[in-house]
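A short worksheet on the structure shown next.
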Amino acid sequence: MSGAEPRPGLRDVAPYISPQLGAAARLNTNECPHPLPEDVALEMAEAIRELPLHRYPDGQLRRLRDELAALHGHRADGTWAANGSNEVLTQLLQAYGGPGRRALTFEPTYLLHRRICWLTNTELVGGELGDGFLLGSDQVEHAAAAAPDVVFVCSPNNPTGNAQPVDAIGALAAALPSSLVVVDEAYGEFSPRTTALPLLATQPNVAVVRTFSKAFALAGARIGYVLTAPSVVEDLQRVRLPYHLSALAQTAGIVALRHRREASDVLAAIAGQRDRLLRELDAIDGVTVYPSDANFVLFVPPGDPATVWQGLLDRGVLVRDMTAVVPGALRVTAGAEHEVDLFLKALGEVLVR
Ligand code: PMP
């Protein structure tokens, strides 16, 4: 045991762990169930082989930012990327949160938002979503009264699955013109009609955060990005580490963007499995299932959720225990068809026991 004293309170905090257990169907972390097509993987490998890896990468990520900006019809100087959207969120809090500053989350939502507040010494201001886990005028009023420096909105929301009304996000941004409204759209590609991206034209205090980890089948490459006002990107430049995003990740992102059309076929297949999960779970007696605009479904099984979770794992299906966030709830990712088959069969067996 080292005698070195860590930051006060550090040892009261458990590491963030999502179990990576060997299971036939890993439906616990909302990744894309399909690997990159072989030709895309080869093109990526070729592009990476040609990199001058003895040199530092482009610290300004110019090419990747240009391509992302073109994809969204946004300005390159208002576009920024980092190692997964978790790092983008951390950089946003390093720049807009910090000691003496406050951030608001609407619970239940993605646990990392709260964790990044702790990490950056940002005081957390509690808020709650309304009925149906929705953001509405009550939440806007609550936020306006609390006047935090940063507000998080997750849409589609993890773990509940529902997208938030863009009007409400716009009202939030309008009510808090000197706060940064961070819209975490990690699952945005699954719900294209409810994106907050159009708000960027009128609300310079909105930052829309996205990722390559879900729809782009690149969770292993760790690439996330943000679309926002150029002044926000300038502030992120002040907190980023030098050369924070490797040449490998930048190149992987650029190649993946070239093949985004193939990626949209995969999205349709995943949405199909999500809808199937919604229908099949709804048809099971005693199961409560929540609507989803994402690539996962939250449900409350009858009986003890821990027993159901273990029963599924015993049958080769790993889902996420969300009981700490939504009482009694488990979350299942919309996987490949055979994985969803396995899940439904296993759940049927566990529930009749
Ligand atoms: N936001 C939300 C809502 C998520 O669910 C996740 C992944 N679980 C992330 C951000 C982080 O994704 P990544 O760091 O892989 O981009």
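Residue numbering restarts at 1 in every chain; chains get A, B, ... in the order shown in the structure tokens, and ligands count up from 1 in that same order.
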Give me the residues of chain A that have any atom at most 9 Å from an atom of ligand 1; for each, the nearest atom pair and the distance in Å, rounded to one decimal. Use only C-alpha atoms and all ligand atoms, sort by chain and number, and format it as a Markdown table.
```
| residue | atom | partner | partner_atom_place_in_ligand_line | distance |
| --- | --- | --- | --- | --- |
| A:Thr29 | CA | ligand 1 | 8 (N) | 6.2 |
| A:Asn30 | CA | ligand 1 | 8 (N) | 6.7 |
| A:Glu31 | CA | ligand 1 | 8 (N) | 8.2 |
| A:Ala82 | CA | ligand 1 | 16 (O) | 8.8 |
| A:Asn83 | CA | ligand 1 | 14 (O) | 6.9 |
| A:Gly84 | CA | ligand 1 | 16 (O) | 3.5 |
| A:Ser85 | CA | ligand 1 | 16 (O) | 3.6 |
| A:Asn86 | CA | ligand 1 | 14 (O) | 3.9 |
| A:Glu87 | CA | ligand 1 | 14 (O) | 6.5 |
| A:Val88 | CA | ligand 1 | 14 (O) | 8.0 |
| A:Leu89 | CA | ligand 1 | 10 (C) | 8.0 |
| A:Thr109 | CA | ligand 1 | 3 (C) | 7.8 |
| A:Tyr110 | CA | ligand 1 | 3 (C) | 5.3 |
| A:Leu111 | CA | ligand 1 | 3 (C) | 8.5 |
| A:Leu112 | CA | ligand 1 | 1 (N) | 7.6 |
| A:His113 | CA | ligand 1 | 1 (N) | 8.2 |
| A:Cys154 | CA | ligand 1 | 3 (C) | 6.0 |
| A:Ser155 | CA | ligand 1 | 3 (C) | 7.6 |
| A:Pro156 | CA | ligand 1 | 3 (C) | 7.6 |
| A:Asn157 | CA | ligand 1 | 3 (C) | 6.4 |
| A:Asn158 | CA | ligand 1 | 3 (C) | 5.1 |
| A:Pro159 | CA | ligand 1 | 5 (O) | 7.5 |
| A:Asp184 | CA | ligand 1 | 1 (N) | 5.7 |
| A:Glu185 | CA | ligand 1 | 3 (C) | 6.7 |
| A:Ala186 | CA | ligand 1 | 1 (N) | 4.8 |
| A:Tyr187 | CA | ligand 1 | 3 (C) | 6.9 |
| A:Val209 | CA | ligand 1 | 1 (N) | 8.1 |
| A:Arg210 | CA | ligand 1 | 16 (O) | 6.9 |
| A:Thr211 | CA | ligand 1 | 16 (O) | 4.4 |
| A:Phe212 | CA | ligand 1 | 16 (O) | 6.3 |
| A:Ser213 | CA | ligand 1 | 15 (O) | 4.8 |
| A:Lys214 | CA | ligand 1 | 15 (O) | 7.5 |
| A:Leu218 | CA | ligand 1 | 15 (O) | 8.5 |
| A:Ala219 | CA | ligand 1 | 15 (O) | 5.5 |
| A:Gly220 | CA | ligand 1 | 15 (O) | 8.1 |
| A:Ala221 | CA | ligand 1 | 15 (O) | 8.7 |
| A:Arg222 | CA | ligand 1 | 15 (O) | 5.9 |
| A:Ile223 | CA | ligand 1 | 16 (O) | 6.0 |
| A:Gly224 | CA | ligand 1 | 16 (O) | 4.8 |
| A:Tyr225 | CA | ligand 1 | 16 (O) | 8.1 |
```
Practice item. Using DSSP on the backbone coordinates, identify all residues within range 128-226 of chain A classified as alpha helix (DSSP H); present the result as a VMD selection string. Key: chain A and resid 137 to 146 166 to 175
Residue selection dump (C-alpha atoms) as a PDB file, in the first residue's frame:
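Resulting contents of part34.pdb:
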```pdb
ATOM      1  CA  SER A 137     -41.845  23.549 -19.142  1.00  0.00           C
ATOM      2  CA  ASP A 138     -41.404  22.494 -15.469  1.00  0.00           C
ATOM      3  CA  GLN A 139     -37.812  21.484 -16.186  1.00  0.00           C
ATOM      4  CA  VAL A 140     -37.158  24.726 -18.062  1.00  0.00           C
ATOM      5  CA  GLU A 141     -38.520  26.730 -15.100  1.00  0.00           C
ATOM      6  CA  HIS A 142     -36.467  24.702 -12.636  1.00  0.00           C
ATOM      7  CA  ALA A 143     -33.306  25.286 -14.684  1.00  0.00           C
ATOM      8  CA  ALA A 144     -34.006  29.001 -15.088  1.00  0.00           C
ATOM      9  CA  ALA A 145     -34.425  29.355 -11.302  1.00  0.00           C
ATOM     10  CA  ALA A 146     -31.283  27.328 -10.539  1.00  0.00           C
ATOM     11  CA  VAL A 166     -36.434  19.922 -29.431  1.00  0.00           C
ATOM     12  CA  ASP A 167     -38.766  22.800 -28.469  1.00  0.00           C
ATOM     13  CA  ALA A 168     -38.066  22.190 -24.799  1.00  0.00           C
ATOM     14  CA  ILE A 169     -34.303  22.128 -25.407  1.00  0.00           C
ATOM     15  CA  GLY A 170     -34.633  25.389 -27.342  1.00  0.00           C
ATOM     16  CA  ALA A 171     -36.642  26.925 -24.495  1.00  0.00           C
ATOM     17  CA  LEU A 172     -33.952  25.827 -22.039  1.00  0.00           C
ATOM     18  CA  ALA A 173     -31.221  27.453 -24.126  1.00  0.00           C
ATOM     19  CA  ALA A 174     -33.271  30.636 -24.505  1.00  0.00           C
ATOM     20  CA  ALA A 175     -33.996  30.796 -20.751  1.00  0.00           C
TER      21      ALA A 175
END
```
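When only C-alpha atoms are used to compute distances to Asp282 in chain A, the closest of the residues A:Cys117, A:Leu344, A:Leu257, A:Ser264 turns out to be A:Leu344.
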Distance table requested - range 229-342 of chain A against range 54-61 of chain A, cut-off 7 Å, only C-alpha atoms: one row per qualifying residue with the closest atom pair and its distance in Å to one decimal, ordered by chain and rising residue number, as JSON lines.
```
{"residue": "A:Pro242", "atom": "CA", "partner": "A:Gly59", "partner_atom": "CA", "distance": 6.5}
{"residue": "A:Tyr243", "atom": "CA", "partner": "A:Gly59", "partner_atom": "CA", "distance": 4.5}
{"residue": "A:Ser246", "atom": "CA", "partner": "A:Pro57", "partner_atom": "CA", "distance": 6.2}
{"residue": "A:Ala247", "atom": "CA", "partner": "A:Pro57", "partner_atom": "CA", "distance": 5.0}
```
Review point. Could you work out how far CA of Thr307 in chain A lies from CA of Val350 in chain A, giving the answer in Å with one decimal?
Key: 8.6 Å
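Using only C-alpha atoms, the residues found no farther than 7 Å from range 36-42 of chain A, other than those of its own chain fewer than 3 positions away, are Ala45, Glu46 and Ala217 of chain A.
When the distance limit is 8 Å and only C-alpha atoms are what count, the residues near range 67-74 of chain A, minus those fewer than 5 positions from it on the same chain, are Thr79, Leu227, Ile254 and Leu257 of chain A.
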With C-alpha atoms kept, could you save the residues just selected as a short mmCIF file (atom, residue, chain, number, x, y, z; two decimals), in the first residue's frame?
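Generated file (again.cif):
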```
data_model
loop_
_atom_site.label_atom_id
_atom_site.label_comp_id
_atom_site.auth_asym_id
_atom_site.auth_seq_id
_atom_site.Cartn_x
_atom_site.Cartn_y
_atom_site.Cartn_z
CA THR A 79 -16.62 21.49 -34.69
CA LEU A 227 -20.96 20.84 -32.92
CA ILE A 254 -12.11 10.04 -41.67
CA LEU A 257 -17.17 9.05 -42.69
#
```
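The coordinates place CA of Gly132 in chain A at 27.1 Å from CA of Leu312 in chain A.
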Point to revise | In range 49-226 of chain A, DSSP strand (DSSP E) residues written as number ranges by chain | key: A: 79-82, 102-107, 123-128, 150-154, 180-184, 206-211, 224-226
With C-alpha atoms retained, could you export that selection as an mmCIF file, in the first residue's frame?
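Final output, saved to part.cif:
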```
data_model
loop_
_atom_site.group_PDB
_atom_site.id
_atom_site.type_symbol
_atom_site.label_atom_id
_atom_site.label_comp_id
_atom_site.auth_asym_id
_atom_site.auth_seq_id
_atom_site.Cartn_x
_atom_site.Cartn_y
_atom_site.Cartn_z
ATOM 1 C CA THR A 79 -16.621 21.486 -34.688
ATOM 2 C CA TRP A 80 -14.284 19.605 -32.339
ATOM 3 C CA ALA A 81 -13.427 15.974 -31.577
ATOM 4 C CA ALA A 82 -11.845 13.902 -28.800
ATOM 5 C CA ARG A 102 -22.516 24.430 -11.141
ATOM 6 C CA ALA A 103 -24.016 21.936 -13.581
ATOM 7 C CA LEU A 104 -27.578 20.620 -13.750
ATOM 8 C CA THR A 105 -28.632 17.131 -14.807
ATOM 9 C CA PHE A 106 -32.192 15.895 -15.231
ATOM 10 C CA GLU A 107 -32.449 12.445 -13.676
ATOM 11 C CA GLU A 123 -21.060 21.290 -8.162
ATOM 12 C CA LEU A 124 -24.022 19.181 -9.213
ATOM 13 C CA VAL A 125 -27.483 20.747 -9.191
ATOM 14 C CA GLY A 126 -30.252 18.149 -9.088
ATOM 15 C CA GLY A 127 -33.144 18.141 -11.510
ATOM 16 C CA GLU A 128 -35.706 15.551 -12.553
ATOM 17 C CA VAL A 150 -23.928 24.061 -17.583
ATOM 18 C CA VAL A 151 -27.092 22.051 -18.263
ATOM 19 C CA PHE A 152 -27.010 18.486 -19.552
ATOM 20 C CA VAL A 153 -29.749 17.089 -21.731
ATOM 21 C CA CYS A 154 -29.441 13.540 -23.039
ATOM 22 C CA LEU A 180 -23.893 26.121 -21.856
ATOM 23 C CA VAL A 181 -26.631 23.640 -22.803
ATOM 24 C CA VAL A 182 -24.899 20.346 -23.574
ATOM 25 C CA VAL A 183 -27.112 18.031 -25.620
ATOM 26 C CA ASP A 184 -25.688 14.522 -25.498
ATOM 27 C CA VAL A 206 -25.981 24.932 -27.382
ATOM 28 C CA ALA A 207 -23.362 22.185 -27.822
ATOM 29 C CA VAL A 208 -24.503 18.967 -29.517
ATOM 30 C CA VAL A 209 -22.270 16.010 -28.661
ATOM 31 C CA ARG A 210 -22.125 12.889 -30.837
ATOM 32 C CA THR A 211 -20.059 9.716 -31.107
ATOM 33 C CA GLY A 224 -16.604 11.608 -30.223
ATOM 34 C CA TYR A 225 -17.331 15.122 -31.428
ATOM 35 C CA VAL A 226 -19.209 18.301 -30.694
#
```
**Study point:** Residue contacts of Pro33 in chain A (9 Å, only C-alpha atoms) excluding same-chain residues fewer than 2 positions away, as a ChimeraX atom specification
**Key:** /A:26-27,30-31,35,217,270,333-336,339
Dump as an mmCIF file, in the first residue's frame, selection limited to N, CA and C atoms:
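Okay, out-v4.cif is ready:
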```cif
data_model
loop_
_atom_site.group_PDB
_atom_site.id
_atom_site.type_symbol
_atom_site.label_atom_id
_atom_site.label_comp_id
_atom_site.auth_asym_id
_atom_site.auth_seq_id
_atom_site.Cartn_x
_atom_site.Cartn_y
_atom_site.Cartn_z
ATOM 1 N N ARG A 26 -23.675 -10.086 -26.005
ATOM 2 C CA ARG A 26 -23.313 -8.969 -25.110
ATOM 3 C C ARG A 26 -24.192 -7.776 -25.436
ATOM 4 N N LEU A 27 -25.262 -7.648 -24.668
ATOM 5 C CA LEU A 27 -26.273 -6.621 -24.957
ATOM 6 C C LEU A 27 -26.327 -5.613 -23.814
ATOM 7 N N ASN A 30 -24.677 -1.089 -25.543
ATOM 8 C CA ASN A 30 -25.256 -0.307 -26.657
ATOM 9 C C ASN A 30 -24.299 -0.065 -27.826
ATOM 10 N N GLU A 31 -23.368 -1.014 -28.025
ATOM 11 C CA GLU A 31 -22.510 -0.887 -29.207
ATOM 12 C C GLU A 31 -23.282 -1.338 -30.441
ATOM 13 N N PRO A 35 -19.739 -5.813 -36.991
ATOM 14 C CA PRO A 35 -18.406 -5.230 -37.196
ATOM 15 C C PRO A 35 -18.370 -4.425 -38.487
ATOM 16 N N ALA A 217 -20.203 2.032 -35.636
ATOM 17 C CA ALA A 217 -19.552 0.745 -35.344
ATOM 18 C C ALA A 217 -18.072 0.912 -35.014
ATOM 19 N N ILE A 270 -30.798 -2.267 -37.072
ATOM 20 C CA ILE A 270 -30.799 -2.145 -35.610
ATOM 21 C C ILE A 270 -32.151 -1.604 -35.123
ATOM 22 N N THR A 333 -29.579 -3.974 -25.185
ATOM 23 C CA THR A 333 -29.198 -3.350 -26.460
ATOM 24 C C THR A 333 -29.872 -4.091 -27.613
ATOM 25 N N ALA A 334 -30.296 -3.335 -28.624
ATOM 26 C CA ALA A 334 -30.821 -3.956 -29.854
ATOM 27 C C ALA A 334 -29.633 -4.524 -30.620
ATOM 28 N N GLY A 335 -29.408 -5.820 -30.461
ATOM 29 C CA GLY A 335 -28.261 -6.469 -31.085
ATOM 30 C C GLY A 335 -28.600 -6.990 -32.465
ATOM 31 N N ALA A 336 -27.795 -7.944 -32.919
ATOM 32 C CA ALA A 336 -28.087 -8.619 -34.186
ATOM 33 C C ALA A 336 -29.295 -9.533 -33.960
ATOM 34 N N GLU A 339 -28.889 -12.467 -31.698
ATOM 35 C CA GLU A 339 -28.693 -12.105 -30.285
ATOM 36 C C GLU A 339 -30.034 -11.767 -29.631
#
```
Practice item. Write out as a ChimeraX atom specification each polymer residue whose atoms come within 9 Å of Val232 in chain A, counting only C-alpha atoms; drop sequence neighbours fewer than 3 positions from it. Key: /A:78,92,95,204-205,207,228-229,235-237
Take the residues from that selection and write them out as a PDB file, in the first residue's frame, keeping N, CA and C atoms.
```
ATOM      1  N   GLY A  78     -16.519  25.509 -35.521  1.00  0.00           N
ATOM      2  CA  GLY A  78     -17.463  25.203 -34.441  1.00  0.00           C
ATOM      3  C   GLY A  78     -17.577  23.692 -34.230  1.00  0.00           C
ATOM      4  N   LEU A  92     -15.696  19.841 -22.120  1.00  0.00           N
ATOM      5  CA  LEU A  92     -16.712  20.902 -21.969  1.00  0.00           C
ATOM      6  C   LEU A  92     -16.825  21.327 -20.505  1.00  0.00           C
ATOM      7  N   ALA A  95     -13.873  23.317 -19.277  1.00  0.00           N
ATOM      8  CA  ALA A  95     -13.903  24.707 -19.742  1.00  0.00           C
ATOM      9  C   ALA A  95     -15.057  25.508 -19.129  1.00  0.00           C
ATOM     10  N   PRO A 204     -26.445  30.088 -29.768  1.00  0.00           N
ATOM     11  CA  PRO A 204     -24.998  29.852 -29.721  1.00  0.00           C
ATOM     12  C   PRO A 204     -24.517  29.191 -28.435  1.00  0.00           C
ATOM     13  N   ASN A 205     -25.413  29.077 -27.439  1.00  0.00           N
ATOM     14  CA  ASN A 205     -25.007  28.434 -26.186  1.00  0.00           C
ATOM     15  C   ASN A 205     -25.346  26.943 -26.149  1.00  0.00           C
ATOM     16  N   ALA A 207     -24.443  23.050 -27.323  1.00  0.00           N
ATOM     17  CA  ALA A 207     -23.362  22.185 -27.822  1.00  0.00           C
ATOM     18  C   ALA A 207     -23.946  20.787 -28.009  1.00  0.00           C
ATOM     19  N   THR A 228     -20.901  23.140 -32.196  1.00  0.00           N
ATOM     20  CA  THR A 228     -21.288  24.241 -31.310  1.00  0.00           C
ATOM     21  C   THR A 228     -20.802  25.560 -31.906  1.00  0.00           C
ATOM     22  N   ALA A 229     -20.779  26.608 -31.089  1.00  0.00           N
ATOM     23  CA  ALA A 229     -20.301  27.912 -31.562  1.00  0.00           C
ATOM     24  C   ALA A 229     -18.768  27.919 -31.601  1.00  0.00           C
ATOM     25  N   ASP A 235     -12.605  27.808 -26.517  1.00  0.00           N
ATOM     26  CA  ASP A 235     -12.425  27.532 -25.092  1.00  0.00           C
ATOM     27  C   ASP A 235     -11.949  26.091 -24.867  1.00  0.00           C
ATOM     28  N   LEU A 236     -12.431  25.175 -25.699  1.00  0.00           N
ATOM     29  CA  LEU A 236     -11.975  23.777 -25.554  1.00  0.00           C
ATOM     30  C   LEU A 236     -10.488  23.661 -25.878  1.00  0.00           C
ATOM     31  N   GLN A 237     -10.025  24.488 -26.795  1.00  0.00           N
ATOM     32  CA  GLN A 237      -8.587  24.488 -27.130  1.00  0.00           C
ATOM     33  C   GLN A 237      -7.742  24.837 -25.902  1.00  0.00           C
TER      34      GLN A 237
END
```
Could you give me, as CSV, every range 110-211 of chain A residue with an atom at most 8 Å from range 286-294 of chain A, plus its closest atom pair and distance in Å to one decimal, counting only C-alpha atoms, rows ordered by chain then number?
```
residue,atom,partner,partner_atom,distance
A:Pro156,CA,A:Ala294,CA,6.0
A:Thr160,CA,A:Tyr290,CA,6.9
A:Gly161,CA,A:Ser292,CA,4.2
A:Asn162,CA,A:Ser292,CA,4.9
A:Ala163,CA,A:Asp293,CA,5.9
A:Tyr187,CA,A:Ala294,CA,5.6
A:Gly188,CA,A:Ala294,CA,7.6
A:Phe190,CA,A:Ala294,CA,5.3
A:Ser191,CA,A:Asp293,CA,5.6
```
**Study point:** Atomic separation - CA of Asn295 in chain A relative to CA of Val319 in chain A, Å
**Key:** 13.2 Å
